Amino acid sequence: MELIKGVTERIYPVGRLDYDTSGLIILTNDGEFTYKMTHPKHEIKKVYMAMIQGIPSQEEMEKFKNGLKIEDYVTAKANIKILKIEGDKSWVEITVHEGKNRQVRKMCDAMGHPVIKLKRIAMGPLTLGDLMEGHWRALSTKEIETLKKSYY
């Protein structure tokens with residue numbers, strides 16, 4: 001919040017990012033919007049780019065896609081796609097619609113491929129694009145309209 005300058009309204013984050021995760025976070029003053037973006041029943045997709053240890057096998061990715069047992073629950077179905085292999089590490093794109101505490105990291109751990117670096121790149125139709133870390137921007141009129149059509 002200390003990065004936001006010039007905004008006089010009280011705003012708050014829509015959801016959260018873990019301390020060691022970077023990327024897209026939405027700030028708003030609209031409680032209904034926050035509810036629709038964060039409540040699990042709305043199944044808003046969150047897309048992450050992750051560097052993980054190792055290279056997941058097809059079998060491991062199928063288990064990931066069908067839900068993994070973590071602690072006392074089984075995750076909802078999720079998507080994982082290998083983007084690039086760098087030696088003994090992989091860059092993957094992960095899409096989830098749940099938002100449980102450290103879920104992506106726990107899923108990767110359960111698959112046997114711990115996360116080295118994690119960045120959220122999209123929430124619903126909104127994407128991070130080329131926005132640099134520590135910077136922010138207002139949503140465009142078109143983005144707001146798209147969100148309202150999708151979730152209201």
# chains A, B, ... in the order shown; residues from 1 in each chain; ligands from 1
>>> residues_around(residues="segment 14-17 of chain A", least_positions_apart="4", cutoff="6 Å", atoms="only C-alpha atoms", output="NGL selection string")
:A and (21 or 26-27 or 34)
>>> select_by_dssp(residues="chain A", states="strand (DSSP E)", output="PyMOL selection string")
chain A and resi 12-14+22-23+26-28+46-53+69-70+73-74+79-86+89-96+115-123+126-127
>>> residues_around(residues="Lys84 of chain A", least_positions_apart="6", cutoff="10 Å", atoms="only C-alpha atoms", output="PyMOL selection string")
chain A and resi 51+55+90-93
>>> residues_around(residues="Lys45 of chain A", least_positions_apart="4", cutoff="6 Å", atoms="only C-alpha atoms", output="ChimeraX atom specification")
/A:96-97,123-124
>>> residues_around(residues="Thr8 of chain A", least_positions_apart="3", cutoff="12 Å", atoms="only C-alpha atoms", output="list of chain:residue names")
A:Ile4, A:Lys5, A:Ile11, A:Thr28, A:Asn29
>>> closest_residue(among="A:Glu59, A:Glu145, A:Asp109, A:Glu98", to="Leu126 of chain A", atoms="only C-alpha atoms")
A:Glu145
>>> closest_residue(among="A:Pro56, A:Gly112, A:Gly129, A:Gly99", to="Ile80 of chain A", atoms="only C-alpha atoms")
A:Pro56
>>> atom_distance(atom1="atom CA of Ile85 of chain A", atom2="atom CA of Lys46 of chain A")
22.5 Å
>>> atom_distance(atom1="atom CA of Thr127 of chain A", atom2="atom CA of Leu24 of chain A")
7.4 Å
>>> atom_distance(atom1="atom CA of Thr38 of chain A", atom2="atom CA of Ile82 of chain A")
26.6 Å
>>> residues_around(residues="Met132 of chain A", least_positions_apart="4", cutoff="9 Å", atoms="only C-alpha atoms", output="compact mmCIF listing (two decimals) with C-alpha atoms, in the first residue's frame")
# COMPACT_ATOMS: atom_id res chain seq x y z
CA GLY A 23 3.02 -10.17 -9.64
CA LEU A 128 0.06 -8.07 -15.59
CA TRP A 136 0.82 0.35 -10.49
